[in-house]
>>> print(open('entry_1.txt').read())   # compact mmCIF, C-alpha atoms
# COMPACT_ATOMS: atom_id res chain seq x y z
CA MET A 1 11.44 2.65 8.00
CA SER A 2 12.54 0.29 5.25
CA VAL A 3 12.07 0.27 1.50
CA MET A 4 11.12 -3.30 0.68
CA SER A 5 11.00 -3.34 -3.10
CA SER A 6 10.12 -1.30 -6.15
CA PHE A 7 8.57 -2.04 -9.51
CA LYS A 8 7.34 -0.23 -12.60
CA LEU A 9 3.86 -0.05 -14.07
CA PRO A 10 2.98 1.85 -17.25
CA GLY A 11 3.59 5.49 -16.41
CA MET A 12 4.51 5.01 -12.77
CA LEU A 13 7.17 3.78 -10.37
CA VAL A 14 5.98 2.04 -7.20
CA LYS A 15 8.00 1.60 -3.99
CA ASP A 16 6.91 -0.52 -1.04
CA HIS A 17 7.62 0.86 2.45
CA ARG A 18 7.30 -0.67 5.90
CA PHE A 19 7.28 1.15 9.24
CA GLU A 20 7.50 -0.31 12.75
CA LEU A 21 5.21 1.72 15.02
CA PRO A 22 3.71 1.33 18.52
CA LEU A 23 0.43 -0.45 19.06
CA ASP A 24 -0.17 1.96 21.95
CA TYR A 25 1.46 5.38 21.69
CA ALA A 26 1.16 5.81 25.46
CA LYS A 27 3.55 2.85 25.73
CA PRO A 28 5.84 3.32 22.73
CA LYS A 29 8.40 0.71 23.80
CA ASP A 30 5.86 -2.09 24.13
CA GLN A 31 4.22 -4.07 21.32
CA GLN A 32 4.92 -2.84 17.79
CA LEU A 33 2.85 -3.03 14.62
CA SER A 34 4.14 -3.22 11.08
CA ILE A 35 2.52 -0.56 8.90
CA PHE A 36 2.76 -0.94 5.13
CA ALA A 37 2.46 1.80 2.51
CA ARG A 38 3.11 2.12 -1.20
CA GLU A 39 4.69 5.17 -2.78
CA VAL A 40 3.59 5.95 -6.34
CA VAL A 41 5.28 8.51 -8.57
CA SER A 42 5.02 9.38 -12.24
CA ILE A 43 7.76 7.66 -14.21
CA ASP A 44 8.64 11.09 -15.68
CA LYS A 45 9.09 12.68 -12.25
CA VAL A 46 10.98 10.07 -10.27
CA ASP A 47 13.96 12.36 -9.65
CA GLN A 48 11.93 15.52 -9.03
CA THR A 49 11.21 17.02 -5.62
CA LEU A 50 7.44 16.74 -5.41
CA PRO A 51 4.90 17.48 -2.70
CA TRP A 52 3.39 14.40 -1.02
CA LEU A 53 -0.22 13.26 -0.94
CA VAL A 54 -1.21 10.56 1.58
CA PHE A 55 -4.37 8.53 0.92
CA PHE A 56 -6.77 7.27 3.59
CA GLN A 57 -9.03 4.48 2.39
CA GLY A 58 -12.67 3.97 3.31
CA GLY A 59 -13.82 1.34 5.75
CA PRO A 60 -12.93 0.98 8.53
CA GLY A 61 -10.85 -2.12 7.95
CA SER A 62 -9.89 -1.85 4.28
CA GLY A 63 -6.41 -1.49 2.86
CA SER A 64 -5.48 1.07 0.24
CA PRO A 65 -6.07 0.28 -3.43
CA ARG A 66 -3.27 -1.49 -5.23
CA PRO A 67 -1.94 0.90 -7.89
CA GLU A 68 -2.95 0.27 -11.47
CA PRO A 69 -2.68 2.58 -14.48
CA SER A 70 -6.48 2.36 -14.84
CA ILE A 71 -7.24 3.95 -11.45
CA GLY A 72 -8.20 7.45 -12.50
CA TRP A 73 -7.63 9.37 -9.28
CA ILE A 74 -4.11 7.96 -8.90
CA LYS A 75 -3.35 8.91 -12.49
CA ARG A 76 -4.48 12.47 -11.71
CA ALA A 77 -2.69 12.65 -8.37
CA ILE A 78 0.74 11.70 -9.71
CA GLU A 79 0.60 14.57 -12.16
CA ASP A 80 1.25 16.82 -9.16
CA TYR A 81 2.27 14.64 -6.22
CA ARG A 82 4.26 11.76 -4.91
CA VAL A 83 1.44 9.57 -3.53
CA LEU A 84 1.51 7.35 -0.45
CA LEU A 85 -1.14 4.62 -0.29
CA LEU A 86 -1.40 3.77 3.39
CA ASP A 87 -2.64 0.40 4.61
CA GLN A 88 -4.19 1.52 7.88
CA ARG A 89 -3.26 -0.52 10.96
CA GLY A 90 -4.93 -3.90 10.95
CA THR A 91 -5.54 -3.98 7.20
CA ALA A 92 -4.07 -5.61 4.10
CA SER A 93 -0.25 -5.78 4.26
CA SER A 94 0.04 -4.03 7.62
CA THR A 95 -0.11 -6.22 10.73
CA PRO A 96 -3.53 -7.72 10.03
CA VAL A 97 -6.60 -8.08 12.21
CA THR A 98 -8.38 -11.33 11.28
CA HIS A 99 -10.13 -14.14 13.13
CA GLU A 100 -6.82 -16.01 12.80
CA THR A 101 -4.58 -13.33 14.30
CA LEU A 102 -7.06 -12.57 17.08
CA SER A 103 -7.02 -16.24 18.11
CA GLN A 104 -3.64 -15.60 19.81
CA PHE A 105 -5.40 -13.75 22.66
CA ASN A 106 -6.48 -15.82 25.63
CA SER A 107 -9.84 -14.14 26.22
CA PRO A 108 -12.52 -12.01 24.49
CA GLN A 109 -11.58 -9.16 26.83
CA ALA A 110 -7.97 -9.31 25.63
CA GLN A 111 -9.21 -9.27 22.02
CA ALA A 112 -11.40 -6.25 22.76
CA ASP A 113 -8.59 -4.37 24.50
CA TYR A 114 -6.38 -4.91 21.47
CA LEU A 115 -9.09 -3.81 19.02
CA LYS A 116 -9.66 -0.54 20.90
CA LYS A 117 -6.33 0.59 19.43
CA PHE A 118 -7.55 0.47 15.82
CA ARG A 119 -9.69 3.59 15.51
CA ALA A 120 -8.96 6.84 13.67
CA ASP A 121 -7.03 8.38 16.56
CA ASN A 122 -4.26 5.79 16.27
CA ILE A 123 -4.43 5.70 12.48
CA ILE A 124 -3.53 9.39 12.54
CA ARG A 125 -0.76 8.83 15.09
CA ASP A 126 0.65 6.31 12.62
CA ALA A 127 0.35 8.77 9.75
CA GLU A 128 2.19 11.47 11.70
CA ALA A 129 5.00 9.08 12.63
CA ILE A 130 5.31 8.06 8.98
CA ARG A 131 5.31 11.69 7.82
CA VAL A 132 8.20 12.50 10.12
CA GLN A 133 10.20 9.45 9.00
CA LEU A 134 9.49 9.87 5.31
CA LEU A 135 9.40 13.64 4.80
CA GLY A 136 11.07 15.09 7.88
CA LYS A 137 9.63 16.78 10.93
CA ASN A 138 9.16 20.18 9.32
CA GLU A 139 7.67 19.03 6.02
CA LYS A 140 3.91 18.83 5.49
CA TRP A 141 1.79 16.77 3.14
CA THR A 142 -1.71 16.87 1.67
CA ALA A 143 -4.23 14.23 2.74
CA LEU A 144 -6.92 12.67 0.55
CA GLY A 145 -9.61 10.60 2.23
CA GLN A 146 -12.50 8.61 0.76
CA SER A 147 -15.49 7.84 3.01
CA TYR A 148 -14.06 6.66 6.36
CA GLY A 149 -10.79 8.14 5.12
CA GLY A 150 -12.50 11.51 5.46
CA PHE A 151 -13.33 10.67 9.08
CA CYS A 152 -9.61 10.02 9.57
CA ILE A 153 -8.71 13.36 7.99
CA THR A 154 -11.17 15.17 10.26
CA ARG A 155 -9.38 13.55 13.19
CA TYR A 156 -6.08 14.71 11.65
CA LEU A 157 -7.38 18.29 11.49
CA SER A 158 -8.38 18.02 15.16
CA ALA A 159 -5.25 16.38 16.55
CA ALA A 160 -2.28 17.22 14.32
CA PRO A 161 -3.12 19.96 11.79
CA GLU A 162 0.54 21.03 11.78
CA GLY A 163 1.28 18.00 9.60
CA LEU A 164 -1.11 19.03 6.83
CA GLU A 165 -0.59 21.28 3.85
CA GLY A 166 -4.15 20.66 2.68
CA ALA A 167 -7.04 18.20 3.04
CA ILE A 168 -9.30 16.67 0.39
CA VAL A 169 -12.34 14.66 1.44
CA THR A 170 -14.64 12.67 -0.84
CA ALA A 171 -17.92 11.33 0.59
CA GLY A 172 -16.58 11.44 4.12
CA LEU A 173 -17.22 14.52 6.25
CA PRO A 174 -18.34 12.88 9.52
CA PRO A 175 -20.84 14.14 12.05
CA LEU A 176 -18.76 15.71 14.82
CA GLU A 177 -21.07 15.17 17.76
CA CYS A 178 -24.01 13.02 16.64
CA SER A 179 -24.66 9.71 18.36
CA ALA A 180 -24.66 6.43 16.47
CA ASP A 181 -28.45 6.32 16.90
CA GLU A 182 -28.82 9.66 15.11
CA VAL A 183 -26.58 8.47 12.30
CA TYR A 184 -28.55 5.27 11.75
CA ARG A 185 -31.91 7.04 11.83
CA ALA A 186 -30.69 9.19 8.96
CA THR A 187 -29.06 6.41 6.96
CA TYR A 188 -31.97 3.97 7.37
CA GLN A 189 -34.14 6.56 5.68
CA ARG A 190 -31.64 6.81 2.82
CA VAL A 191 -31.69 3.02 2.50
CA ILE A 192 -35.50 3.02 2.34
CA ASP A 193 -35.34 5.56 -0.48
CA LYS A 194 -32.85 3.36 -2.36
CA ASN A 195 -35.12 0.33 -1.99
CA HIS A 196 -37.99 2.25 -3.58
CA LEU A 197 -35.73 3.32 -6.44
CA TYR A 198 -34.54 -0.25 -6.95
CA TYR A 199 -38.06 -1.58 -7.29
CA GLU A 200 -38.91 1.24 -9.69
CA ARG A 201 -36.02 0.14 -11.89
CA TYR A 202 -36.54 -3.60 -11.54
CA PRO A 203 -40.19 -4.21 -10.59
CA ASP A 204 -40.09 -7.81 -11.82
CA ASP A 205 -37.43 -8.68 -9.25
CA ALA A 206 -39.91 -8.47 -6.36
CA GLU A 207 -41.33 -11.95 -6.94
CA LYS A 208 -37.91 -13.55 -7.36
CA LEU A 209 -36.56 -11.90 -4.22
CA TRP A 210 -39.57 -13.15 -2.27
CA GLU A 211 -38.99 -16.69 -3.54
CA ILE A 212 -35.37 -16.60 -2.33
CA ALA A 213 -36.33 -15.15 1.06
CA GLU A 214 -39.05 -17.76 1.61
CA VAL A 215 -36.57 -20.55 1.00
CA LEU A 216 -34.09 -19.01 3.44
CA MET A 217 -36.70 -18.45 6.14
CA GLU A 218 -37.61 -22.13 5.93
CA ASN A 219 -34.10 -23.52 5.51
CA PRO A 220 -31.04 -21.22 5.82
CA ALA A 221 -28.47 -22.25 3.21
CA PRO A 222 -24.96 -23.39 4.18
CA MET A 223 -22.44 -21.09 2.52
CA PRO A 224 -19.47 -22.45 0.54
CA GLY A 225 -16.99 -20.94 3.01
CA GLY A 226 -19.01 -21.83 6.11
CA GLY A 227 -21.76 -20.08 7.98
CA LEU A 228 -25.35 -19.68 6.83
CA LEU A 229 -27.21 -17.54 4.34
CA THR A 230 -30.22 -16.58 6.41
CA ALA A 231 -33.01 -14.26 5.28
CA ARG A 232 -31.57 -11.48 7.43
CA ARG A 233 -28.11 -11.98 5.92
CA PHE A 234 -29.71 -11.97 2.46
CA GLN A 235 -31.18 -8.55 3.29
CA GLN A 236 -27.66 -7.21 3.89
CA LEU A 237 -27.05 -7.25 0.15
CA GLY A 238 -28.76 -3.86 0.16
CA PHE A 239 -25.41 -2.34 1.11
CA LEU A 240 -24.72 -2.47 -2.64
CA PHE A 241 -27.48 0.06 -3.31
CA GLY A 242 -25.33 3.07 -2.43
CA MET A 243 -22.81 2.58 -5.25
CA SER A 244 -23.17 3.84 -8.81
CA ASP A 245 -23.17 0.25 -10.10
CA GLY A 246 -24.90 -1.21 -7.06
CA PHE A 247 -28.38 -1.77 -8.44
CA GLU A 248 -26.97 -3.67 -11.40
CA THR A 249 -24.57 -5.73 -9.28
CA PHE A 250 -27.50 -6.74 -7.07
CA HIS A 251 -29.86 -7.37 -10.00
CA TYR A 252 -27.43 -9.62 -11.84
CA LEU A 253 -26.76 -11.61 -8.67
CA MET A 254 -30.40 -12.65 -8.94
CA ASP A 255 -30.14 -13.86 -12.55
CA HIS A 256 -29.94 -17.57 -11.68
CA PRO A 257 -30.36 -18.23 -7.97
CA PHE A 258 -31.88 -21.72 -8.31
CA VAL A 259 -30.94 -25.03 -9.92
CA GLU A 260 -32.85 -28.29 -10.27
CA THR A 261 -31.26 -31.22 -8.46
CA ALA A 262 -32.22 -34.80 -7.65
CA SER A 263 -33.91 -33.52 -4.48
CA GLY A 264 -35.70 -30.65 -6.24
CA LYS A 265 -35.09 -26.93 -6.73
CA THR A 266 -32.39 -25.46 -4.50
CA LEU A 267 -30.24 -22.36 -4.25
CA SER A 268 -27.27 -22.86 -6.53
CA TYR A 269 -23.64 -23.05 -5.50
CA GLN A 270 -22.88 -20.29 -8.00
CA PHE A 271 -25.44 -17.96 -6.41
CA LEU A 272 -24.23 -18.67 -2.89
CA ARG A 273 -20.61 -18.20 -3.91
CA GLU A 274 -21.36 -14.88 -5.61
CA VAL A 275 -23.22 -13.64 -2.53
CA GLU A 276 -20.28 -14.69 -0.37
CA ASN A 277 -17.89 -12.86 -2.67
CA VAL A 278 -19.62 -9.49 -2.16
CA GLN A 279 -20.07 -9.86 1.60
CA HIS A 280 -16.60 -8.96 2.90
CA PHE A 281 -17.23 -8.93 6.63
CA GLU A 282 -15.16 -12.05 7.35
CA THR A 283 -12.14 -10.85 5.37
CA HIS A 284 -12.47 -7.32 6.85
CA PRO A 285 -13.47 -8.03 10.47
CA ILE A 286 -12.50 -4.55 11.68
CA PHE A 287 -15.49 -3.29 9.74
CA ALA A 288 -17.83 -5.71 11.50
CA ILE A 289 -16.38 -5.13 14.96
CA LEU A 290 -15.58 -1.41 14.93
CA HIS A 291 -17.97 0.14 12.44
CA GLU A 292 -20.35 1.45 15.09
CA ALA A 293 -17.40 2.59 17.19
CA ILE A 294 -16.43 5.17 14.56
CA TYR A 295 -19.39 7.16 15.91
CA ALA A 296 -18.65 6.50 19.61
CA GLN A 297 -17.25 9.37 21.68
CA GLN A 298 -17.40 8.79 25.44
CA THR A 299 -20.56 6.71 25.03
CA PRO A 300 -21.32 3.05 24.20
CA THR A 301 -23.14 2.15 20.98
CA LYS A 302 -25.03 -0.85 22.42
CA TRP A 303 -25.67 -2.31 18.94
CA SER A 304 -27.20 0.92 17.69
CA ALA A 305 -28.14 -0.27 14.20
CA GLU A 306 -30.05 -3.25 15.62
CA ARG A 307 -31.96 -1.09 18.10
CA VAL A 308 -32.79 1.65 15.61
CA ARG A 309 -33.92 -0.88 13.00
CA SER A 310 -36.93 -1.67 15.19
CA GLU A 311 -38.19 1.86 14.45
CA TYR A 312 -38.53 0.95 10.75
CA PRO A 313 -41.00 -1.97 10.45
CA MET A 314 -40.66 -2.11 6.66
CA PHE A 315 -37.43 -4.10 7.16
CA GLU A 316 -39.44 -6.96 8.66
CA ILE A 317 -40.17 -9.60 6.04
CA LYS A 318 -43.94 -9.78 5.66
CA GLN A 319 -46.00 -11.84 3.26
CA GLY A 320 -47.38 -9.80 0.39
CA GLU A 321 -45.04 -6.83 0.92
CA PRO A 322 -41.78 -6.01 -0.89
CA ILE A 323 -38.62 -7.12 0.86
CA PHE A 324 -36.58 -4.15 2.04
CA PHE A 325 -32.82 -4.62 2.07
CA THR A 326 -30.55 -3.01 4.65
CA GLY A 327 -27.42 -0.92 4.12
CA GLU A 328 -24.13 -0.28 5.87
CA MET A 329 -25.34 -1.53 9.24
CA ILE A 330 -23.78 -4.06 11.58
CA TYR A 331 -25.90 -6.43 13.67
CA PRO A 332 -25.06 -8.72 16.61
CA TRP A 333 -26.51 -11.76 14.83
CA MET A 334 -23.80 -11.47 12.19
CA PHE A 335 -21.48 -13.08 14.72
CA ASP A 336 -23.67 -16.19 14.42
CA ASP A 337 -24.44 -16.25 10.70
CA TYR A 338 -20.88 -15.62 9.47
CA GLU A 339 -18.59 -18.55 10.19
CA HIS A 340 -15.40 -16.58 10.74
CA LEU A 341 -17.01 -13.85 12.83
CA ARG A 342 -18.22 -16.39 15.39
CA PRO A 343 -14.92 -16.52 17.32
CA LEU A 344 -15.15 -12.73 17.75
CA LYS A 345 -18.70 -12.59 19.10
CA GLU A 346 -17.86 -11.97 22.74
CA ALA A 347 -15.23 -9.34 21.91
CA ALA A 348 -17.78 -7.56 19.71
CA ASN A 349 -20.31 -7.58 22.56
CA ILE A 350 -17.72 -6.15 24.96
CA LEU A 351 -16.93 -3.31 22.54
CA ALA A 352 -20.62 -2.56 21.99
CA GLU A 353 -20.94 -1.93 25.74
CA TYR A 354 -17.66 -0.01 26.12
CA GLU A 355 -18.25 3.49 27.52
CA ASP A 356 -14.83 5.13 27.51
CA TRP A 357 -14.17 5.69 23.81
CA PRO A 358 -12.09 8.88 23.62
CA LYS A 359 -13.39 11.87 21.68
CA LEU A 360 -12.26 11.89 18.07
CA TYR A 361 -12.97 15.50 17.08
CA ASP A 362 -12.18 18.78 18.80
CA VAL A 363 -14.82 21.24 17.64
CA ASP A 364 -12.91 24.19 19.11
CA VAL A 365 -9.75 23.33 17.18
CA LEU A 366 -11.77 22.77 14.00
CA ALA A 367 -13.49 26.14 14.43
CA GLN A 368 -10.03 27.76 14.29
CA ASN A 369 -8.74 25.57 11.45
CA GLU A 370 -6.15 27.09 9.12
CA VAL A 371 -5.57 24.09 6.82
CA PRO A 372 -7.26 24.46 3.41
CA VAL A 373 -10.04 21.85 3.20
CA VAL A 374 -12.17 20.88 0.20
CA ALA A 375 -14.79 18.16 0.08
CA SER A 376 -17.22 16.55 -2.31
CA VAL A 377 -20.60 15.86 -0.71
CA TYR A 378 -23.12 13.70 -2.57
CA ALA A 379 -26.76 14.67 -2.30
CA ASN A 380 -28.02 11.09 -2.23
CA ASP A 381 -25.18 9.40 -0.35
CA MET A 382 -26.56 6.28 1.36
CA TYR A 383 -23.66 5.85 3.78
CA VAL A 384 -22.59 9.33 4.90
CA GLU A 385 -25.60 11.55 5.53
CA ARG A 386 -25.49 14.70 3.44
CA GLU A 387 -27.05 16.98 6.07
CA PHE A 388 -24.49 15.95 8.67
CA SER A 389 -21.68 16.57 6.18
CA GLU A 390 -23.00 20.03 5.38
CA GLU A 391 -23.15 20.86 9.08
CA THR A 392 -19.59 19.63 9.60
CA SER A 393 -18.35 21.72 6.67
CA LYS A 394 -19.66 24.80 8.51
CA GLN A 395 -17.91 23.74 11.72
CA ILE A 396 -14.47 23.33 10.09
CA LYS A 397 -13.28 26.84 9.35
CA GLY A 398 -12.51 27.55 5.72
CA THR A 399 -13.98 24.35 4.28
CA LYS A 400 -15.22 24.51 0.70
CA ILE A 401 -17.68 21.85 -0.43
CA TRP A 402 -18.80 20.68 -3.85
CA MET A 403 -22.39 19.52 -3.41
CA THR A 404 -23.49 17.33 -6.29
CA SER A 405 -26.05 14.70 -7.22
CA GLU A 406 -23.86 13.55 -10.09
CA TYR A 407 -22.13 10.84 -8.04
CA GLU A 408 -22.97 8.09 -5.62
CA HIS A 409 -20.73 7.25 -2.68
CA ASN A 410 -18.07 5.65 -4.91
CA GLY A 411 -17.51 8.73 -7.06
CA LEU A 412 -13.73 8.65 -6.51
CA ARG A 413 -13.58 5.12 -7.87
CA ALA A 414 -16.10 5.69 -10.65
CA ASP A 415 -14.75 8.97 -12.05
CA GLY A 416 -11.59 9.66 -10.10
CA TYR A 417 -9.56 11.60 -12.62
CA ARG A 418 -12.22 14.27 -13.12
CA LEU A 419 -13.40 14.35 -9.52
CA LEU A 420 -9.95 14.73 -7.98
CA GLY A 421 -9.00 17.25 -10.64
CA ARG A 422 -11.92 19.47 -9.69
CA LEU A 423 -11.17 19.18 -5.98
CA LEU A 424 -7.52 20.05 -6.57
CA ASP A 425 -8.64 23.11 -8.54
CA MET A 426 -10.79 24.10 -5.57
CA LEU A 427 -7.95 23.48 -3.12
CA HIS A 428 -5.54 25.65 -5.07
CA GLY A 429 -8.00 28.43 -5.87
CA ARG A 430 -8.32 27.66 -9.56
CA LEU A 431 -12.06 27.05 -9.24
>>> encode(input="entry_1.txt", output="structure tokens")
Amino acid sequence: MSVMSSFKLPGMLVKDHRFELPLDYAKPKDQQLSIFAREVVSIDKVDQTLPWLVFFQGGPGSGSPRPEPSIGWIKRAIEDYRVLLLDQRGTASSTPVTHETLSQFNSPQAQADYLKKFRADNIIRDAEAIRVQLLGKNEKWTALGQSYGGFCITRYLSAAPEGLEGAIVTAGLPPLECSADEVYRATYQRVIDKNHLYYERYPDDAEKLWEIAEVLMENPAPMPGGGLLTARRFQQLGFLFGMSDGFETFHYLMDHPFVETASGKTLSYQFLREVENVQHFETHPIFAILHEAIYAQQTPTKWSAERVRSEYPMFEIKQGEPIFFTGEMIYPWMFDDYEHLRPLKEAANILAEYEDWPKLYDVDVLAQNEVPVVASVYANDMYVEREFSEETSKQIKGTKIWMTSEYEHNGLRADGYRLLGRLLDMLHGRL
């Protein structure tokens, strides 16, 4: 462990940490990864002995937020805790997984074998190693996880509950035993509901969206950073619909999609650039490659989202019918349409067929859980199915949930101070 640097922000001191940890914990002396984390503490409590709270970001494949005084949940957390913002392996300032770093491997199979080490099981092994180095073997910490971060915490409760003082999950209690197909059948229905709601709010957008799709079906548009905006890639913008500001972000993207040029009306550079800016698959390739694998336990996924989509014909673009946009689903054709996913196509196909994914959750251990667990579950969550989360809360002994329709999936980002405050009150028996 090394402390790299420290700096002050209004109301907080931030320290950067780096840890050298094994790629494969079964071979701890072999290849190492660098894992980065930021410690955040209230400027008034720098010299106090405080309990620790470790944060697991959503994803998979996203680094932790960079601390700012305006981030409400961090502001609330440092009232009580010393916070560690963990960049999970492969993300952000940890040893990164990108199309560039994966180019060092001499075959798609070698890439796939490497990527198998980047699921929640190893993320939690990293967290435990960091806890021991930072706090000491006998000291525990509290974990906070948003979305996929909650999946990681559920793994933590299964594999190393002795490291946890408490667990807080927002929008991220995973199904313990459901297949990827079952997950996508549920979430496709949520996406359909969101499409209907979008058209209720913005009925005049239907014609404009059709005009864009018709152009793309005839002539896919080259993107500023490479690759093509196809009609099917255009439909992926529906992943925005599950956020509290998602409808508006999507709607305003469509404000000025076309410009007049010497050769006639065409999709504008500004529109294409803005679409590219909200489609993060190339900068977060773990999400594209391993998203389905977060549901894989001793079974292959075989491109589940693509197969299950065929059961919902409304996602086919048909003349005279509204265009339905998809959600948080990954498709094999993305490794053609996105320029910087193309080098990873064969590795992605290998992982989609991989059968030996280890189990992530131990339902027997969870049934005997003694770690206090609280969770917010959102009634209309488009990404993490509410009914599965409710079932999981019953399978993890002692779990208390706050079921609410007040928030969308990004509640922690949208109203973090209040939301975390309520969950902390639940955790500590004040509510």
>>> closest_residue(input="entry_1.txt", among="A:Thr283, A:Gln235, A:Asn195, A:Thr49", to="Thr101 (chain A)", atoms="only C-alpha atoms")
A:Thr283
>>> atom_distance(input="entry_1.txt", atom1="CA of Ser70 (chain A)", atom2="CA of Pro10 (chain A)")
9.8 Å
>>> closest_residue(input="entry_1.txt", among="A:Thr187, A:Ser393, A:Ser244, A:Thr266", to="Thr326 (chain A)", atoms="all atoms listed in the file")
A:Thr187
>>> atom_distance(input="entry_1.txt", atom1="CA of Leu419 (chain A)", atom2="CA of Val191 (chain A)")
24.6 Å
>>> closest_residue(input="entry_1.txt", among="A:Ala143, A:Leu173, A:Ala120, A:Val374", to="Ile294 (chain A)", atoms="all atoms listed in the file")
A:Ala120
>>> closest_residue(input="entry_1.txt", among="A:Ser147, A:Thr392, A:Asn380, A:Gln133", to="Ser405 (chain A)", atoms="all atoms listed in the file")
A:Asn380
>>> closest_residue(input="entry_1.txt", among="A:Lys194, A:Arg82, A:Arg307, A:Arg66", to="Met382 (chain A)", atoms="all atoms listed in the file")
A:Lys194
>>> closest_residue(input="entry_1.txt", among="A:Lys27, A:Lys400, A:Lys302, A:Arg18", to="Ala180 (chain A)", atoms="all atoms listed in the file")
A:Lys302
>>> atom_distance(input="entry_1.txt", atom1="CA of Tyr114 (chain A)", atom2="CA of Leu23 (chain A)")
8.5 Å
>>> residues_near_point(input="entry_1.txt", point="(-1.0, -7.5, 6.8)", cutoff="12 Å", atoms="only C-alpha atoms", output="list in words")
Arg18, Leu33, Ser34, Ile35, Phe36, Ala37, Gly61, Ser62, Gly63, Ser64, Leu86, Asp87, Gln88, Arg89, Gly90, Thr91, Ala92, Ser93, Ser94, Thr95, Pro96, Val97, Thr98, Glu100, Thr101, Thr283 and His284 of chain A
>>> residues_around(input="entry_1.txt", residues="Val275 (chain A)", least_positions_apart="5", cutoff="10 Å", atoms="only C-alpha atoms", output="JSON list (two decimals) with C-alpha atoms, in the coordinates of the input")
[["chain", "number", "residue", "atom", "x", "y", "z"],
["A", 223, "MET", "CA", -22.44, -21.09, 2.52],
["A", 229, "LEU", "CA", -27.21, -17.54, 4.34],
["A", 233, "ARG", "CA", -28.11, -11.98, 5.92],
["A", 234, "PHE", "CA", -29.71, -11.97, 2.46],
["A", 237, "LEU", "CA", -27.05, -7.25, 0.15],
["A", 250, "PHE", "CA", -27.50, -6.74, -7.07],
["A", 253, "LEU", "CA", -26.76, -11.61, -8.67],
["A", 254, "MET", "CA", -30.40, -12.65, -8.94],
["A", 269, "TYR", "CA", -23.64, -23.05, -5.50],
["A", 270, "GLN", "CA", -22.88, -20.29, -8.00],
["A", 280, "HIS", "CA", -16.60, -8.96, 2.90]]
>>> residues_around(input="entry_1.txt", residues="Glu218 (chain A)", least_positions_apart="6", cutoff="12 Å", atoms="all atoms listed in the file", output="PyMOL selection string")
chain A and resi 211-212+229-231
>>> residues_around(input="entry_1.txt", residues="Arg131 (chain A)", least_positions_apart="2", cutoff="10 Å", atoms="only C-alpha atoms", output="NGL selection string")
:A and (52 or 54 or 125-129 or 133-141 or 163-164)
>>> residues_near_point(input="entry_1.txt", point="(-23.3, 14.9, 12.6)", cutoff="6 Å", atoms="all atoms listed in the file", output="list of chain:residue names")
A:Pro175, A:Leu176, A:Glu177, A:Cys178, A:Phe388
>>> residues_around(input="entry_1.txt", residues="region 385-387 of chain A", least_positions_apart="4", cutoff="8 Å", atoms="only C-alpha atoms", output="PyMOL selection string")
chain A and resi 183+186-187+377-381+391
>>> residues_around(input="entry_1.txt", residues="region 395-397 of chain A", least_positions_apart="2", cutoff="9 Å", atoms="all atoms listed in the file", output="PDB file with C-alpha atoms, in the coordinates of the input")
ATOM      1  CA  THR A 154     -11.170  15.170  10.260  1.00  0.00           C
ATOM      2  CA  LEU A 157      -7.380  18.290  11.490  1.00  0.00           C
ATOM      3  CA  LEU A 176     -18.760  15.710  14.820  1.00  0.00           C
ATOM      4  CA  VAL A 363     -14.820  21.240  17.640  1.00  0.00           C
ATOM      5  CA  ASP A 364     -12.910  24.190  19.110  1.00  0.00           C
ATOM      6  CA  VAL A 365      -9.750  23.330  17.180  1.00  0.00           C
ATOM      7  CA  LEU A 366     -11.770  22.770  14.000  1.00  0.00           C
ATOM      8  CA  ALA A 367     -13.490  26.140  14.430  1.00  0.00           C
ATOM      9  CA  GLN A 368     -10.030  27.760  14.290  1.00  0.00           C
ATOM     10  CA  ASN A 369      -8.740  25.570  11.450  1.00  0.00           C
ATOM     11  CA  GLU A 370      -6.150  27.090   9.120  1.00  0.00           C
ATOM     12  CA  VAL A 371      -5.570  24.090   6.820  1.00  0.00           C
ATOM     13  CA  PRO A 372      -7.260  24.460   3.410  1.00  0.00           C
ATOM     14  CA  VAL A 373     -10.040  21.850   3.200  1.00  0.00           C
ATOM     15  CA  GLU A 390     -23.000  20.030   5.380  1.00  0.00           C
ATOM     16  CA  GLU A 391     -23.150  20.860   9.080  1.00  0.00           C
ATOM     17  CA  THR A 392     -19.590  19.630   9.600  1.00  0.00           C
ATOM     18  CA  SER A 393     -18.350  21.720   6.670  1.00  0.00           C
ATOM     19  CA  THR A 399     -13.980  24.350   4.280  1.00  0.00           C
TER      20      THR A 399
END
>>> decode(input="entry_1.txt", residues="region 367-383 of chain A", atoms="C-alpha atoms", output="short mmCIF file (atom, residue, chain, number, x, y, z; two decimals), in the first residue's frame")
data_model
loop_
_atom_site.label_atom_id
_atom_site.label_comp_id
_atom_site.auth_asym_id
_atom_site.auth_seq_id
_atom_site.Cartn_x
_atom_site.Cartn_y
_atom_site.Cartn_z
CA ALA A 367 -29.80 -17.37 5.03
CA GLN A 368 -27.64 -17.32 8.19
CA ASN A 369 -26.39 -13.76 7.69
CA GLU A 370 -25.55 -11.75 10.82
CA VAL A 371 -24.37 -8.52 9.16
CA PRO A 372 -26.95 -5.70 9.37
CA VAL A 373 -28.19 -4.99 5.83
CA VAL A 374 -30.41 -2.16 4.61
CA ALA A 375 -31.44 -1.47 1.03
CA SER A 376 -33.46 0.97 -1.01
CA VAL A 377 -35.54 -0.74 -3.69
CA TYR A 378 -37.23 1.38 -6.35
CA ALA A 379 -40.67 0.31 -7.49
CA ASN A 380 -40.11 1.30 -11.12
CA ASP A 381 -36.40 0.50 -11.47
CA MET A 382 -35.67 -0.20 -15.15
CA TYR A 383 -32.33 -1.91 -14.55
#
